[in-house]
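**Student:** Below is a structure I'd like to ask you about.
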Amino acid sequence: MILFIIYTFLKKYSNQGWIQTNLKMGKIFKATILSFLVSLLLVLMLFMPLLSNAQHIRLNYKIIRNGDEIGWLRLEKTTRGNTSDLLLVSEIKTKVVFPITVFAKESSTFEKGKLIYSSQTRKTNGTLNFEKQTRLIANEYEVSENGKKERLTFLSIGTNLQSLYFDEPINSKSVYCDNHKCFVKINKMTDGGYEVKFPNGNVNCYYYKEGLCVKVKIMHAFYSVEIIFDPLFNSYANNK
């Protein structure tokens, strides 16, 4: 659209002899405007292939506990060239003694297949109670958690738990867990799923269909929930 507008502008006014009109504008000023428009056109033409190669995927899930829907989870993946940005947003509403709403947001950025940044935040009833960032700084990972910093010994992180929603770990033996700041094993199960067991004893089981994660079983010490893919509210788009 932008290219069409600029092209139409140049064609219209060049055909009407715009430069020869008596608009009381100096030749230098008029030439500068045309030069700017032509330069802008060339820049847009240069970067248009990069924009056209961007790929965006959005996945929506329902969170189920004891047969009842208690929340939702949304994931997005945007890929441009060698960079991929992952975003996870979720909300759970439940009641123990009083109503509780837990909102979580996680993001990860991978460059050439290597994690360079990730963040996790969690709010309970609107109050921030967890915040963590992981950054790749001079070939070392630094974790900032609630104001405290720590350096990790890992030289490279290629996947984390967010990645498991988009890619079935067929040939992967482990995956990085941002919350626990460590790699955890991936075990193939007899029912076709993939089990991930965390240091605190909690377990996630991931199930796939045609490479897409369609269900996650979360088995916590005090509760269990299922995250179910919702095909009615999902989109896969190649922005071409």
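So you can find residues: chains in the structure tokens are A, B, ... in the order shown, residues in each start at 1, and ligands are numbered from 1 in order.
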Per residue of region 131-200 of chain A within 9 Å of region 106-125 of chain A, record the nearest atom pair and its distance in Å to one decimal, counting only C-alpha atoms, with rows in chain order and ascending residue number, as a tab-separated table.
**Tutor:**
```
residue	atom	partner	partner_atom	distance
A:Glu131	CA	A:Thr121	CA	4.5
A:Lys132	CA	A:Gln120	CA	5.2
A:Gln133	CA	A:Ser119	CA	4.3
A:Thr134	CA	A:Ser118	CA	5.1
A:Arg135	CA	A:Tyr117	CA	4.6
A:Leu136	CA	A:Ile116	CA	4.9
A:Ile137	CA	A:Ile116	CA	8.2
A:Tyr141	CA	A:Ile116	CA	8.2
A:Ser156	CA	A:Lys114	CA	6.5
A:Ile157	CA	A:Leu115	CA	5.4
A:Gly158	CA	A:Lys114	CA	4.8
A:Thr159	CA	A:Leu115	CA	7.2
A:Asn160	CA	A:Leu115	CA	8.4
A:Gln162	CA	A:Ser108	CA	7.8
A:Ser163	CA	A:Ser108	CA	9.0
A:Asp178	CA	A:Ser118	CA	8.0
A:Asn179	CA	A:Gln120	CA	8.1
```
**Student:** Since we have the selection now, will you write its residues out, keeping N, CA and C atoms, as a PDB file, in the first residue's frame?
**Tutor:**
```
ATOM      1  N   GLU A 131       9.104 -12.582  39.569  1.00  0.00           N
ATOM      2  CA  GLU A 131       9.657 -11.915  38.397  1.00  0.00           C
ATOM      3  C   GLU A 131      11.082 -12.414  38.163  1.00  0.00           C
ATOM      4  N   LYS A 132      11.366 -12.830  36.921  1.00  0.00           N
ATOM      5  CA  LYS A 132      12.684 -13.374  36.614  1.00  0.00           C
ATOM      6  C   LYS A 132      13.034 -13.070  35.164  1.00  0.00           C
ATOM      7  N   GLN A 133      14.304 -12.744  34.927  1.00  0.00           N
ATOM      8  CA  GLN A 133      14.813 -12.536  33.583  1.00  0.00           C
ATOM      9  C   GLN A 133      16.115 -13.314  33.412  1.00  0.00           C
ATOM     10  N   THR A 134      16.297 -13.870  32.234  1.00  0.00           N
ATOM     11  CA  THR A 134      17.538 -14.560  31.882  1.00  0.00           C
ATOM     12  C   THR A 134      18.103 -13.887  30.641  1.00  0.00           C
ATOM     13  N   ARG A 135      19.368 -13.473  30.699  1.00  0.00           N
ATOM     14  CA  ARG A 135      20.009 -12.768  29.590  1.00  0.00           C
ATOM     15  C   ARG A 135      21.336 -13.423  29.236  1.00  0.00           C
ATOM     16  N   LEU A 136      21.623 -13.451  27.943  1.00  0.00           N
ATOM     17  CA  LEU A 136      22.926 -13.913  27.480  1.00  0.00           C
ATOM     18  C   LEU A 136      23.839 -12.698  27.393  1.00  0.00           C
ATOM     19  N   ILE A 137      24.857 -12.652  28.237  1.00  0.00           N
ATOM     20  CA  ILE A 137      25.779 -11.525  28.303  1.00  0.00           C
ATOM     21  C   ILE A 137      27.200 -12.055  28.139  1.00  0.00           C
ATOM     22  N   TYR A 141      25.151 -16.735  30.709  1.00  0.00           N
ATOM     23  CA  TYR A 141      23.768 -16.437  31.069  1.00  0.00           C
ATOM     24  C   TYR A 141      23.705 -15.847  32.477  1.00  0.00           C
ATOM     25  N   SER A 156      25.179 -22.773  26.337  1.00  0.00           N
ATOM     26  CA  SER A 156      24.152 -22.594  25.317  1.00  0.00           C
ATOM     27  C   SER A 156      22.841 -23.233  25.749  1.00  0.00           C
ATOM     28  N   ILE A 157      21.743 -22.546  25.474  1.00  0.00           N
ATOM     29  CA  ILE A 157      20.396 -23.069  25.725  1.00  0.00           C
ATOM     30  C   ILE A 157      19.648 -23.018  24.400  1.00  0.00           C
ATOM     31  N   GLY A 158      19.290 -24.185  23.886  1.00  0.00           N
ATOM     32  CA  GLY A 158      18.642 -24.244  22.581  1.00  0.00           C
ATOM     33  C   GLY A 158      17.126 -24.319  22.634  1.00  0.00           C
ATOM     34  N   THR A 159      16.580 -24.851  23.730  1.00  0.00           N
ATOM     35  CA  THR A 159      15.125 -24.954  23.892  1.00  0.00           C
ATOM     36  C   THR A 159      14.760 -24.754  25.353  1.00  0.00           C
ATOM     37  N   ASN A 160      13.542 -24.272  25.578  1.00  0.00           N
ATOM     38  CA  ASN A 160      13.004 -24.221  26.936  1.00  0.00           C
ATOM     39  C   ASN A 160      11.573 -24.744  26.898  1.00  0.00           C
ATOM     40  N   GLN A 162       8.714 -23.364  26.812  1.00  0.00           N
ATOM     41  CA  GLN A 162       7.846 -22.731  25.827  1.00  0.00           C
ATOM     42  C   GLN A 162       8.009 -23.377  24.457  1.00  0.00           C
ATOM     43  N   SER A 163       9.231 -23.780  24.146  1.00  0.00           N
ATOM     44  CA  SER A 163       9.502 -24.389  22.839  1.00  0.00           C
ATOM     45  C   SER A 163       8.714 -25.678  22.636  1.00  0.00           C
ATOM     46  N   ASP A 178      13.292 -22.546  32.839  1.00  0.00           N
ATOM     47  CA  ASP A 178      13.654 -21.211  33.338  1.00  0.00           C
ATOM     48  C   ASP A 178      13.378 -21.070  34.826  1.00  0.00           C
ATOM     49  N   ASN A 179      12.264 -21.618  35.277  1.00  0.00           N
ATOM     50  CA  ASN A 179      11.902 -21.459  36.689  1.00  0.00           C
ATOM     51  C   ASN A 179      12.931 -22.089  37.625  1.00  0.00           C
TER      52      ASN A 179
END
```
**Student:** Could you work out how far CA of Tyr61 (chain A) lies from CA of Lys77 (chain A), giving the answer in Å with one decimal?
**Tutor:**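 Separating CA of Lys77 (chain A) from CA of Tyr61 (chain A) is a distance of 14.6 Å.
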**Student:** Hey, can you check how far CA of Ile218 (chain A) sits from CA of Asn129 (chain A)?
**Tutor:** 21.2 Å
**Student:** Quick one: residues within 10 Å of region 203-209 of chain A, only C-alpha atoms counted, chain neighbours fewer than 3 positions away excluded, as a ChimeraX atom specification?
**Tutor:** /A:161,164-169,186-189,191-200,212-221,224-228
**Student:** As a PyMOL selection string, list the residues of region 90-189 of chain A assigned to strand (DSSP E) by DSSP on the backbone atoms of this structure.
**Tutor:** chain A and resi 90-95+99-111+114-124+127-137+140-145+148-151+174-177+182-188
**Student:** Using only C-alpha atoms, determine which residues lie at most 10 Å from Lys93 (chain A), disregarding the query and same-chain residues fewer than 6 positions distant; provide the list as a list in words.
**Tutor:**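 Here the answer would be Ile63, Glu69, Ile70, Gly71, Trp72, Pro99, Ile100, Thr101, Val102, Phe103, Thr124 and Asn125 of chain A.
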